[in-house]
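Novice: Next comes run07.txt, compact mmCIF, C-alpha atoms:
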```txt
# COMPACT_ATOMS: atom_id res chain seq x y z
CA MET A 1 -39.60 11.00 -102.24
CA ALA A 2 -36.92 12.53 -104.37
CA GLU A 3 -36.89 16.25 -104.09
CA LEU A 4 -36.42 18.17 -107.29
CA VAL A 5 -32.81 19.29 -107.24
CA VAL A 6 -32.27 22.69 -108.79
CA PRO A 7 -28.83 24.27 -109.08
CA GLU A 8 -28.71 27.04 -106.52
CA VAL A 9 -28.05 29.59 -109.23
CA PHE A 10 -31.56 29.21 -110.58
CA GLY A 11 -33.46 28.34 -107.42
CA GLN A 12 -33.18 31.73 -105.82
CA LEU A 13 -34.24 34.93 -107.41
CA ALA A 14 -33.34 38.54 -106.96
CA LEU A 15 -34.97 41.49 -108.68
CA GLY A 16 -32.02 41.44 -111.10
CA HIS A 17 -33.18 38.17 -112.69
CA TYR A 18 -36.40 39.74 -113.90
CA LEU A 19 -34.72 43.02 -114.83
CA VAL A 20 -32.07 41.26 -116.94
CA LEU A 21 -34.78 39.28 -118.74
CA SER A 22 -36.76 42.47 -119.28
CA ALA A 23 -33.66 44.27 -120.61
CA PHE A 24 -32.99 41.41 -123.03
CA LEU A 25 -36.55 41.41 -124.35
CA PHE A 26 -36.45 45.19 -124.75
CA ALA A 27 -33.13 45.05 -126.63
CA ILE A 28 -34.41 42.31 -128.93
CA GLY A 29 -37.56 44.32 -129.59
CA LEU A 30 -35.49 47.42 -130.38
CA ALA A 31 -33.18 45.47 -132.68
CA GLY A 32 -36.22 44.03 -134.43
CA PHE A 33 -37.82 47.45 -134.83
CA VAL A 34 -34.66 48.83 -136.42
CA THR A 35 -33.85 45.88 -138.67
CA ARG A 36 -37.21 44.60 -139.89
CA ARG A 37 -38.67 46.18 -143.01
CA ASN A 38 -42.17 44.74 -142.77
CA MET A 39 -44.39 47.42 -141.19
CA ILE A 40 -46.59 44.97 -139.31
CA VAL A 41 -43.61 43.13 -137.83
CA MET A 42 -42.14 46.49 -136.79
CA PHE A 43 -45.26 47.22 -134.78
CA LEU A 44 -45.15 43.70 -133.32
CA CYS A 45 -41.66 44.58 -132.09
CA THR A 46 -43.04 47.60 -130.21
CA GLU A 47 -45.49 45.21 -128.54
CA LEU A 48 -42.47 43.12 -127.53
CA MET A 49 -40.94 46.18 -125.87
CA PHE A 50 -44.23 46.79 -124.03
CA GLN A 51 -44.06 43.20 -122.81
CA ALA A 52 -40.56 43.83 -121.44
CA ALA A 53 -41.86 46.87 -119.59
CA VAL A 54 -44.72 44.79 -118.17
CA ILE A 55 -42.30 42.25 -116.69
CA ALA A 56 -40.08 44.97 -115.20
CA LEU A 57 -43.04 46.81 -113.63
CA ALA A 58 -44.54 43.67 -112.11
CA ALA A 59 -41.12 42.63 -110.75
CA PHE A 60 -40.53 46.04 -109.16
CA GLY A 61 -43.97 45.84 -107.59
CA ARG A 62 -43.36 42.35 -106.23
CA PHE A 63 -39.95 43.09 -104.74
CA HIS A 64 -40.96 46.41 -103.20
CA LEU A 65 -44.25 44.89 -101.96
CA ASP A 66 -46.24 47.63 -103.61
CA LEU A 67 -49.27 47.14 -105.83
CA SER A 68 -48.67 50.27 -107.91
CA GLY A 69 -46.46 48.23 -110.23
CA GLN A 70 -49.33 45.96 -111.15
CA VAL A 71 -51.66 48.92 -111.56
CA MET A 72 -49.16 50.49 -113.99
CA VAL A 73 -49.21 47.27 -116.01
CA ILE A 74 -52.96 47.71 -116.47
CA PHE A 75 -52.28 51.16 -117.96
CA VAL A 76 -49.54 49.71 -120.18
CA LEU A 77 -52.08 47.20 -121.50
CA THR A 78 -54.47 50.06 -122.25
CA ILE A 79 -51.83 52.01 -124.15
CA ALA A 80 -50.75 48.87 -126.02
CA ALA A 81 -54.32 48.23 -127.15
CA ALA A 82 -54.78 51.85 -128.27
CA GLU A 83 -51.44 51.80 -130.08
CA ALA A 84 -52.26 48.55 -131.86
CA ALA A 85 -55.61 49.89 -133.06
CA LEU A 86 -54.13 53.14 -134.42
CA ALA A 87 -50.98 51.58 -135.88
CA LEU A 88 -52.91 48.92 -137.73
CA GLY A 89 -55.37 51.54 -138.98
CA LEU A 90 -52.40 53.46 -140.38
CA VAL A 91 -50.95 50.33 -141.98
CA VAL A 92 -54.27 49.63 -143.69
CA LEU A 93 -54.37 53.23 -144.92
CA LEU A 94 -50.81 53.05 -146.29
CA PHE A 95 -51.49 49.67 -147.85
CA LYS A 96 -54.38 51.20 -149.79
CA ARG A 97 -51.99 53.75 -151.32
CA GLN A 98 -49.18 51.33 -152.19
CA PRO A 99 -49.96 47.62 -152.03
CA THR A 100 -46.81 46.63 -150.14
CA LEU A 101 -45.89 46.25 -146.48
CA ASP A 102 -42.33 47.42 -147.11
CA ALA A 103 -41.55 50.37 -144.84
CA GLU A 104 -38.93 51.58 -147.31
CA ALA A 105 -41.63 52.22 -149.87
CA TRP A 106 -42.36 55.29 -147.75
CA SER A 107 -38.79 56.47 -147.31
CA GLU A 108 -39.18 59.42 -149.66
CA MET A 109 -41.01 62.44 -148.32
CA ARG A 110 -43.27 64.25 -150.73
CA ASP A 111 -46.40 66.31 -150.64
CA ALA A 112 -49.30 64.05 -151.40
CA MET B 1 -20.15 41.59 -107.23
CA PRO B 2 -18.98 40.16 -110.57
CA PRO B 3 -16.54 42.31 -112.52
CA ALA B 4 -18.27 44.53 -115.03
CA SER B 5 -16.08 43.22 -117.85
CA VAL B 6 -17.62 39.73 -117.57
CA ILE B 7 -21.14 41.10 -118.03
CA HIS B 8 -20.09 43.32 -120.92
CA ALA B 9 -18.33 40.38 -122.57
CA PHE B 10 -21.54 38.35 -122.38
CA THR B 11 -23.50 41.29 -123.81
CA VAL B 12 -21.10 41.54 -126.75
CA LEU B 13 -21.46 37.78 -127.30
CA ALA B 14 -25.25 38.15 -127.34
CA ALA B 15 -25.00 40.97 -129.88
CA GLY B 16 -22.78 38.83 -132.11
CA ALA B 17 -25.22 35.95 -131.84
CA LEU B 18 -28.13 38.17 -132.87
CA LEU B 19 -26.08 39.45 -135.81
CA LEU B 20 -25.53 35.87 -136.98
CA LEU B 21 -29.24 35.16 -136.73
CA LEU B 22 -30.54 38.27 -138.48
CA ARG B 23 -31.42 37.93 -142.13
CA PRO B 24 -29.96 37.34 -144.60
CA SER B 25 -28.08 34.73 -142.64
CA PRO B 26 -25.39 32.82 -144.48
CA THR B 27 -25.85 29.16 -143.59
CA ILE B 28 -27.83 26.97 -141.27
CA ARG B 29 -24.62 26.07 -139.43
CA LEU B 30 -23.82 29.70 -138.62
CA ARG B 31 -27.38 30.25 -137.45
CA LEU B 32 -27.10 27.24 -135.14
CA LEU B 33 -23.87 28.71 -133.79
CA GLY B 34 -25.68 32.01 -133.23
CA ALA B 35 -28.49 30.29 -131.33
CA VAL B 36 -26.08 28.39 -129.06
CA VAL B 37 -23.92 31.46 -128.37
CA GLY B 38 -27.00 33.60 -127.71
CA ILE B 39 -28.57 31.17 -125.23
CA GLY B 40 -25.17 30.76 -123.57
CA ALA B 41 -24.68 34.52 -123.21
CA PHE B 42 -28.16 35.02 -121.72
CA THR B 43 -27.75 32.15 -119.25
CA GLY B 44 -24.27 33.43 -118.44
CA ILE B 45 -25.54 36.86 -117.42
CA ILE B 46 -28.32 35.28 -115.36
CA ALA B 47 -25.72 33.05 -113.68
CA GLN B 48 -23.77 36.14 -112.53
CA LEU B 49 -26.68 37.26 -110.39
CA PRO B 50 -26.33 34.96 -107.34
CA ALA B 51 -23.55 37.25 -106.12
CA PHE B 52 -26.43 39.37 -104.88
CA TYR B 53 -28.43 37.31 -102.48
CA ASP B 54 -27.81 35.76 -99.12
CA GLY B 55 -30.10 32.79 -98.76
CA GLN B 56 -33.55 34.27 -99.34
CA VAL B 57 -35.61 31.86 -101.42
CA MET B 58 -38.18 33.38 -103.68
CA PRO B 59 -41.03 31.02 -104.56
CA GLY B 60 -41.18 30.23 -108.23
CA GLY B 61 -37.43 30.19 -108.70
CA THR B 62 -37.58 26.82 -110.45
CA PHE B 63 -39.87 28.20 -113.12
CA PHE B 64 -37.92 31.35 -113.85
CA LEU B 65 -35.25 29.96 -116.15
CA PRO B 66 -37.54 27.84 -118.38
CA PHE B 67 -39.98 30.72 -118.86
CA ALA B 68 -37.15 33.21 -119.40
CA LEU B 69 -35.49 31.02 -122.02
CA ILE B 70 -38.78 30.39 -123.83
CA SER B 71 -39.54 34.09 -124.01
CA VAL B 72 -36.06 35.16 -125.16
CA ILE B 73 -35.79 32.38 -127.77
CA SER B 74 -39.26 33.10 -129.17
CA ALA B 75 -38.50 36.82 -129.22
CA VAL B 76 -35.37 36.20 -131.30
CA GLN B 77 -37.26 33.88 -133.63
CA MET B 78 -39.95 36.54 -133.93
CA ILE B 79 -37.53 39.15 -135.26
CA THR B 80 -35.59 36.74 -137.48
CA THR B 81 -38.28 34.68 -139.23
CA SER B 82 -39.13 35.62 -142.80
CA ARG B 83 -42.81 34.77 -142.36
CA PRO B 84 -44.81 37.57 -140.68
CA VAL B 85 -47.52 35.14 -139.51
CA TYR B 86 -44.89 33.06 -137.73
CA ALA B 87 -43.57 36.25 -136.14
CA ALA B 88 -47.02 36.89 -134.69
CA LEU B 89 -47.28 33.30 -133.43
CA HIS B 90 -43.84 33.54 -131.79
CA PHE B 91 -45.00 36.72 -130.09
CA VAL B 92 -47.93 34.73 -128.66
CA LEU B 93 -45.32 32.37 -127.17
CA VAL B 94 -43.50 35.34 -125.61
CA VAL B 95 -46.79 36.50 -124.11
CA LEU B 96 -47.60 33.06 -122.69
CA ALA B 97 -44.13 32.70 -121.15
CA SER B 98 -44.23 36.15 -119.60
CA SER B 99 -47.69 35.43 -118.25
CA GLY B 100 -46.08 32.46 -116.49
CA LEU B 101 -43.44 34.81 -115.10
CA LEU B 102 -46.14 37.17 -113.86
CA VAL B 103 -47.70 34.26 -111.97
CA THR B 104 -44.33 33.50 -110.32
CA LEU B 105 -44.29 37.17 -109.30
CA GLY B 106 -47.61 36.74 -107.49
CA ALA B 107 -49.52 38.79 -110.08
CA GLU B 108 -52.12 36.20 -111.05
CA PHE B 109 -54.64 38.73 -112.32
CA LEU B 110 -52.09 40.26 -114.68
CA GLY B 111 -51.06 36.82 -115.87
CA PHE B 112 -54.60 36.20 -117.08
CA ALA B 113 -55.14 39.76 -118.29
CA VAL B 114 -51.99 39.70 -120.43
CA VAL B 115 -53.04 36.47 -122.13
CA ILE B 116 -56.58 37.71 -122.71
CA VAL B 117 -55.64 41.19 -123.93
CA TYR B 118 -52.48 40.38 -125.90
CA ALA B 119 -52.95 36.85 -127.18
CA GLY B 120 -56.72 37.16 -127.37
CA ALA B 121 -57.36 40.65 -128.68
CA ILE B 122 -54.29 42.50 -129.95
CA LEU B 123 -52.69 39.56 -131.73
CA ILE B 124 -55.95 38.65 -133.45
CA THR B 125 -56.11 42.19 -134.82
CA TYR B 126 -52.53 41.87 -136.08
CA MET B 127 -53.41 38.54 -137.71
CA PHE B 128 -56.40 40.10 -139.47
CA VAL B 129 -54.30 42.91 -140.91
CA LEU B 130 -51.55 40.47 -141.90
CA MET B 131 -54.01 38.26 -143.74
CA LEU B 132 -55.60 41.32 -145.33
CA ALA B 133 -52.31 42.78 -146.52
CA GLN B 134 -50.50 39.56 -147.38
CA GLN B 135 -49.90 38.83 -151.03
CA ALA B 136 -52.27 36.24 -152.48
CA GLN B 137 -50.37 33.18 -151.31
CA SER B 138 -47.56 32.84 -148.83
CA PRO B 139 -44.94 30.95 -150.83
CA ASP B 140 -43.22 28.02 -149.19
CA LEU B 141 -39.96 28.66 -151.00
CA GLU B 142 -37.69 31.11 -149.27
CA ASP B 143 -36.70 32.79 -152.55
CA GLU B 144 -40.26 33.59 -153.53
CA ARG B 145 -41.11 35.56 -150.44
CA PRO B 146 -41.06 39.36 -150.72
CA ASN B 147 -37.66 40.97 -150.34
CA TYR B 148 -38.70 43.09 -147.38
CA ASP B 149 -39.22 39.93 -145.35
CA ARG B 150 -36.04 38.22 -146.50
CA PHE B 151 -33.48 40.96 -145.91
CA ALA B 152 -32.85 42.91 -142.75
CA ARG B 153 -32.31 46.66 -142.89
CA GLU B 154 -28.99 47.65 -141.32
CA PRO B 155 -28.48 44.46 -139.28
CA LEU B 156 -25.14 45.65 -137.90
CA GLY B 157 -26.43 49.06 -136.84
CA GLY B 158 -29.56 47.60 -135.28
CA ALA B 159 -27.71 44.98 -133.26
CA VAL B 160 -25.08 47.48 -132.07
CA VAL B 161 -27.63 50.10 -130.99
CA ALA B 162 -29.86 47.60 -129.22
CA PHE B 163 -27.05 45.90 -127.38
CA LEU B 164 -25.38 49.17 -126.37
CA LEU B 165 -28.67 49.92 -124.65
CA LEU B 166 -28.66 46.41 -123.16
CA ALA B 167 -25.10 46.83 -121.87
CA PHE B 168 -26.05 50.11 -120.23
CA MET B 169 -29.15 48.60 -118.62
CA ASN B 170 -27.20 45.56 -117.42
CA HIS B 171 -24.60 47.86 -115.91
CA LEU B 172 -27.33 49.71 -114.01
CA ILE B 173 -28.95 46.48 -112.87
CA PHE B 174 -25.69 45.00 -111.62
CA THR B 175 -24.46 48.12 -109.86
CA GLY B 176 -27.82 49.38 -108.68
CA THR B 177 -31.15 47.98 -107.73
CA GLY B 178 -30.76 44.47 -109.16
CA GLY B 179 -29.62 42.94 -105.90
CA LEU B 180 -32.93 43.44 -104.16
CA THR B 181 -34.18 40.13 -102.73
CA PRO B 182 -37.57 39.33 -101.25
CA GLY B 183 -36.16 39.64 -97.72
CA ASP B 184 -34.75 43.12 -98.16
CA VAL B 185 -38.01 45.01 -97.94
CA ASP B 186 -39.83 45.33 -94.63
CA PRO B 187 -43.11 43.44 -95.17
CA ILE B 188 -45.01 45.07 -92.29
CA PRO B 189 -46.08 48.32 -94.05
CA ALA B 190 -47.23 46.27 -97.01
CA ARG B 191 -49.31 44.00 -94.75
CA LEU B 192 -50.82 47.01 -92.98
CA ALA B 193 -51.71 48.54 -96.35
CA ALA B 194 -53.31 45.24 -97.34
CA TRP B 195 -55.46 45.28 -94.17
CA GLN B 196 -56.45 48.85 -94.95
CA ARG B 197 -57.68 47.68 -98.36
CA VAL B 198 -59.67 44.90 -96.70
CA GLY B 199 -61.18 47.52 -94.38
CA ALA B 200 -62.22 49.51 -97.45
CA MET B 201 -64.28 46.51 -98.62
CA PRO B 202 -66.86 45.89 -95.83
CA GLY B 203 -68.56 43.15 -97.83
CA ARG B 204 -65.34 41.22 -98.25
CA ALA B 205 -64.42 41.72 -94.57
CA MET B 206 -67.82 40.37 -93.50
CA GLU B 207 -67.33 37.33 -95.76
CA LEU B 208 -64.09 36.62 -93.90
CA VAL B 209 -65.69 37.21 -90.49
CA GLU B 210 -68.41 34.68 -91.30
CA GLU B 211 -65.70 32.03 -91.78
CA VAL B 212 -64.61 32.44 -88.14
CA PRO B 213 -66.24 29.72 -85.95
CA GLY B 214 -69.30 31.02 -84.13
CA CYS B 215 -69.63 34.17 -86.22
CA ARG B 216 -72.06 33.01 -88.91
CA GLU B 217 -74.71 35.44 -87.66
CA ALA B 218 -72.40 38.47 -87.57
CA TRP B 219 -73.83 41.66 -89.05
CA LEU B 220 -72.94 45.28 -89.55
CA PRO B 221 -75.26 48.12 -88.44
CA GLU B 222 -76.71 50.06 -91.34
CA GLY B 223 -74.64 53.12 -92.29
CA GLU B 224 -71.78 52.52 -89.87
CA GLU B 225 -68.15 52.19 -90.90
CA LEU B 226 -66.39 48.89 -90.46
CA LEU B 227 -63.90 49.02 -87.60
CA LEU B 228 -60.84 46.94 -88.57
CA VAL B 229 -57.70 47.26 -86.44
CA PRO B 230 -54.66 45.29 -87.62
CA ASP B 231 -52.02 44.07 -85.18
CA PRO B 232 -48.78 46.09 -85.24
CA ASP B 233 -46.98 43.29 -87.13
CA GLY B 234 -49.84 42.99 -89.64
CA LEU B 235 -50.22 39.21 -89.22
CA ALA B 236 -53.74 39.40 -87.77
CA ALA B 237 -56.52 41.95 -87.28
CA THR B 238 -59.50 42.59 -85.08
CA VAL B 239 -62.85 43.44 -86.62
CA THR B 240 -65.69 44.82 -84.51
CA VAL B 241 -69.07 43.44 -85.64
CA MET B 242 -72.51 42.88 -84.18
CA ILE B 243 -73.43 39.36 -83.13
CA GLY B 244 -77.02 39.27 -81.98
CA GLU B 245 -77.39 42.67 -80.27
CA VAL B 246 -73.86 42.76 -78.84
CA SER B 247 -70.90 44.52 -80.41
CA THR B 248 -68.15 41.87 -80.47
CA PRO B 249 -64.49 42.00 -81.52
CA VAL B 250 -63.61 39.14 -83.90
CA ARG B 251 -60.02 38.07 -84.61
CA LEU B 252 -58.97 37.34 -88.21
CA GLU B 253 -55.78 35.31 -87.97
CA GLY B 254 -53.85 32.40 -89.43
CA GLU B 255 -55.17 31.06 -92.71
CA LEU B 256 -58.00 33.63 -92.81
CA ALA B 257 -55.56 36.50 -92.42
CA ARG B 258 -53.44 35.09 -95.22
CA GLN B 259 -56.52 34.86 -97.45
CA ALA B 260 -57.44 38.43 -96.56
CA ILE B 261 -54.14 40.09 -97.42
CA GLU B 262 -52.95 37.89 -100.30
CA ASP B 263 -56.01 38.42 -102.45
CA ASN B 264 -54.44 39.58 -105.71
CA ILE B 265 -57.44 40.50 -107.84
CA ARG B 266 -59.32 42.43 -105.14
CA SER B 267 -56.16 44.20 -103.97
CA VAL B 268 -55.20 45.33 -107.46
CA GLY B 269 -58.74 46.54 -108.03
CA VAL B 270 -58.82 48.57 -104.83
CA ALA B 271 -55.32 49.96 -105.43
CA LEU B 272 -56.35 50.99 -108.95
CA ILE B 273 -59.48 52.81 -107.82
CA GLU B 274 -57.97 54.29 -104.68
CA ALA B 275 -54.61 55.55 -105.90
CA PHE B 276 -55.16 56.29 -109.60
CA PRO B 277 -58.81 57.29 -110.19
CA VAL B 278 -57.95 60.08 -112.66
CA SER B 279 -55.54 57.89 -114.61
CA LEU B 280 -58.26 55.28 -114.89
CA GLU B 281 -60.65 57.83 -116.43
CA LEU B 282 -57.88 59.03 -118.76
CA ALA B 283 -57.19 55.46 -119.87
CA GLY B 284 -60.85 55.14 -120.78
CA VAL B 285 -60.72 58.39 -122.75
CA ILE B 286 -57.57 57.24 -124.58
CA LEU B 287 -59.18 53.94 -125.54
CA THR B 288 -62.28 55.72 -126.84
CA MET B 289 -60.21 58.21 -128.85
CA ALA B 290 -58.10 55.36 -130.27
CA MET B 291 -61.26 53.58 -131.34
CA PHE B 292 -62.60 56.69 -133.11
CA GLY B 293 -59.19 57.31 -134.65
CA ALA B 294 -58.91 53.77 -135.98
CA VAL B 295 -62.40 53.90 -137.47
CA ILE B 296 -61.76 57.26 -139.16
CA LEU B 297 -58.36 56.16 -140.49
CA ALA B 298 -59.63 52.88 -141.85
CA ARG B 299 -62.69 54.42 -143.52
CA ARG B 300 -60.77 57.19 -145.28
CA GLN B 301 -60.87 56.90 -149.05
CA ILE B 302 -57.69 57.38 -151.01
CA GLU B 303 -58.01 59.31 -154.25
CA LEU B 304 -55.59 57.83 -156.77
CA THR B 305 -54.85 59.59 -160.03
CA GLU B 306 -55.21 57.66 -163.25
CA ASP B 307 -51.43 57.28 -163.55
CA GLU B 308 -51.05 55.94 -160.04
CA LYS B 309 -53.76 53.38 -160.70
CA ARG B 310 -52.03 52.25 -163.85
CA GLU B 311 -48.70 52.09 -162.06
CA ALA B 312 -50.15 50.04 -159.22
CA SER B 313 -51.54 47.46 -161.64
CA GLY B 314 -48.26 47.24 -163.57
CA LEU B 315 -49.31 49.19 -166.67
CA PRO B 316 -47.16 51.95 -168.19
CA ARG B 317 -48.17 55.54 -167.55
CA ILE B 318 -50.13 57.38 -170.21
CA GLY B 319 -48.45 59.94 -172.41
CA HIS B 320 -47.63 62.82 -169.99
CA HIS B 321 -44.02 63.45 -169.15
CA ASP B 322 -44.71 65.59 -166.12
CA ASP B 323 -46.62 64.48 -163.09
CA PRO B 324 -49.99 66.25 -163.31
CA LYS B 325 -49.94 67.01 -159.60
CA THR B 326 -46.62 68.91 -159.60
CA GLU B 327 -47.79 70.75 -162.71
CA GLY B 328 -50.81 71.96 -160.80
CA VAL B 329 -48.60 73.14 -157.96
CA ASP B 330 -46.41 75.14 -160.34
CA HIS B 331 -49.31 77.11 -161.76
CA GLY B 332 -51.07 77.54 -158.47
```
Could you quickly redo this structure as C-alpha cells?
Specialist:
Amino acid sequence: MAELVVPEVFGQLALGHYLVLSAFLFAIGLAGFVTRRNMIVMFLCTELMFQAAVIALAAFGRFHLDLSGQVMVIFVLTIAAAEAALALGLVVLLFKRQPTLDAEAWSEMRDA
Amino acid sequence: MPPASVIHAFTVLAAGALLLLLRPSPTIRLRLLGAVVGIGAFTGIIAQLPAFYDGQVMPGGTFFLPFALISVISAVQMITTSRPVYAALHFVLVVLASSGLLVTLGAEFLGFAVVIVYAGAILITYMFVLMLAQQAQSPDLEDERPNYDRFAREPLGGAVVAFLLLAFMNHLIFTGTGGLTPGDVDPIPARLAAWQRVGAMPGRAMELVEEVPGCREAWLPEGEELLLVPDPDGLAATVTVMIGEVSTPVRLEGELARQAIEDNIRSVGVALIEAFPVSLELAGVILTMAMFGAVILARRQIELTEDEKREASGLPRIGHHDDPKTEGVDHG
C-alpha cells in the first residue's frame, strides 16, 4: 500500500501556518474594503475579515488546548450576523434615496 | 529562524500581485502573472514556517495547504470580480474552505456552525439585497456593467495599506507566537479540565459508565453529586456510582476516556455556559437589538421632494434655481 507522500514542509503544522493564512485573509479583506466601490461588496469584505478572525481564534484555542477560542468564535458569529442585518438594512435605506450601490454617491456630506 | 527580509520580500510580492489583479486590470496576461506571483508569494511564506518545529506532527497537515490555497484564491477573486453576485459566491467558497480548516483544528462544531450561519443565513441575506438592488439585468458585457463595479477606488493605496498591515502581522508571527507546535503545550491541565466538564454533566458521565462491561445497571442516588476523580495524568478517571445497593468505583479508561474528553460539541457547550454566561446573555440582547434595528431601518419611509423624484427618474428639474430645502433653512 503506497503511503501518501507529502513534502515535509506541508505535513507538519505550527500555529504560524494558521496565523499566516488568517493574516492573508484579513489583509485581502482590508484591501477589498478600501478599493471596492460597491457598498454590498464592501460589507462582504468585512465578513471576510471576520472569517480571518475566526480561523485565528480557533487556531489559538487548538494550540493552547483551551476551549475559550472556540467559544469566542461563537460570539464572532453572533456579531457578524447582527452586523450583516444592520448593514444591509442601511444599504436598503440608502438605495431608496439614490438608486445606486456606488459608495461614492454618498461622499458629500450635507444636511438632509 | 528565516531572515526577516525574505518574509518581507514575499509580502511585497503579494502586494504587487494584488495590485495587478485589482480592477481596472490591463490585460489577461498581466492578471495571470499576478495570480501566479500571488500564489507563489503565499506558498513561499508558508514554506518558511518549518524552521519552527522539531518533529511534532499535527493531524490534518495534509489538508492545510489545499484549503488555505482555496480560501486565499477565492478571497482574491471575491475582491477583484466585477460581478457582485460572483463575489458573494466566492465568499461562500472561502467559508467552505475555512470550515474545512476548522475541522482540521478539531473544532467540528464550529465547522458546521460556520457553514450554517455564514453560507446558509448571512450570505442568503446578502444575495437578497443584491438581487433587490441590482439594476434590471446583469449585463454579460464587461463594458455595460456599472462603473462602480468595474473600477477600483485607490488600488495602490488600498494594496499598500493592507500589505503594510500584513507585513507587520507576519513579522509578529515569525518572531513571536507562530512557532507554537502541538507538543509545546502541556496537555495534562487541558485533560483535567475536560474531565471536570464531564463531571459537570452527570447524565453524560452515566452514559459512559453504562458502556463499561458489567455496569449496565449503574445508577446515581437522587440529589447526590457525581463523584468523578481523574488520574493525575488525566488519561483515565474513576467514577463512584451505585450498582445494586453497593457504592462501586468504576474506571473510565482507554477508548471510553478518549470519547469522554474529546467530545467537541458538549465541551464547547459547557465551556460557553460555564465561563461566559453573561456574554451569552449579551449576545442574545445584541441579536435582538440588531433585529429591531434592521426592521426599523428597512421600514422607514424616505420623503423625496418633487425635484429629487424628477432627478431620480432622469427628468430635468422644474423652474426653481435654488434648492427649496436650503431656501427654507435660510429663512428659518
Novice: Pick out the chain B residues within 6 Å of chain A. Count all atoms listed in the file. Give them as an MDAnalysis selection string.
Specialist: chainID B and resid 50 57:58 61:62 79 148 152:155 158:159 162 166 178:182 190 272 287 290 294 297:298
Novice: Could you work out how far CA of Val198 (chain B) lies from CA of Ile261 (chain B), giving the answer in Å with one decimal?
Specialist: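 So the answer is 7.4 Å.
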Novice: Work out how far CA of Leu220 (chain B) is from CA of Ala271 (chain B), in Å to one decimal.
Specialist: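 Atom-to-atom, CA of Ala271 (chain B) and CA of Leu220 (chain B) are spaced 24.2 Å apart.
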Novice: Using Å and a single decimal, report how far CA of Ile28 (chain B) sits from CA of Val72 (chain B).
Specialist: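 Distance between the two atoms: 19.9 Å.
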Novice: Using all atoms listed in the file, pick whichever of B:Arg251, B:Arg266, B:Arg216, B:Arg83 has the shortest atom-to-atom distance to Met201 (chain B).
Specialist: B:Arg266
Novice: Box along x, y and z, 6 Å on every side, all listed atoms of region 58-77 of chain A inside: centre and edge lengths in Å to one decimal, as lines of an AutoDock Vina configuration file.
Specialist:
```
center_x = -46.5
center_y = 46.8
center_z = -111.7
size_x = 25.0
size_y = 20.8
size_z = 31.5
```
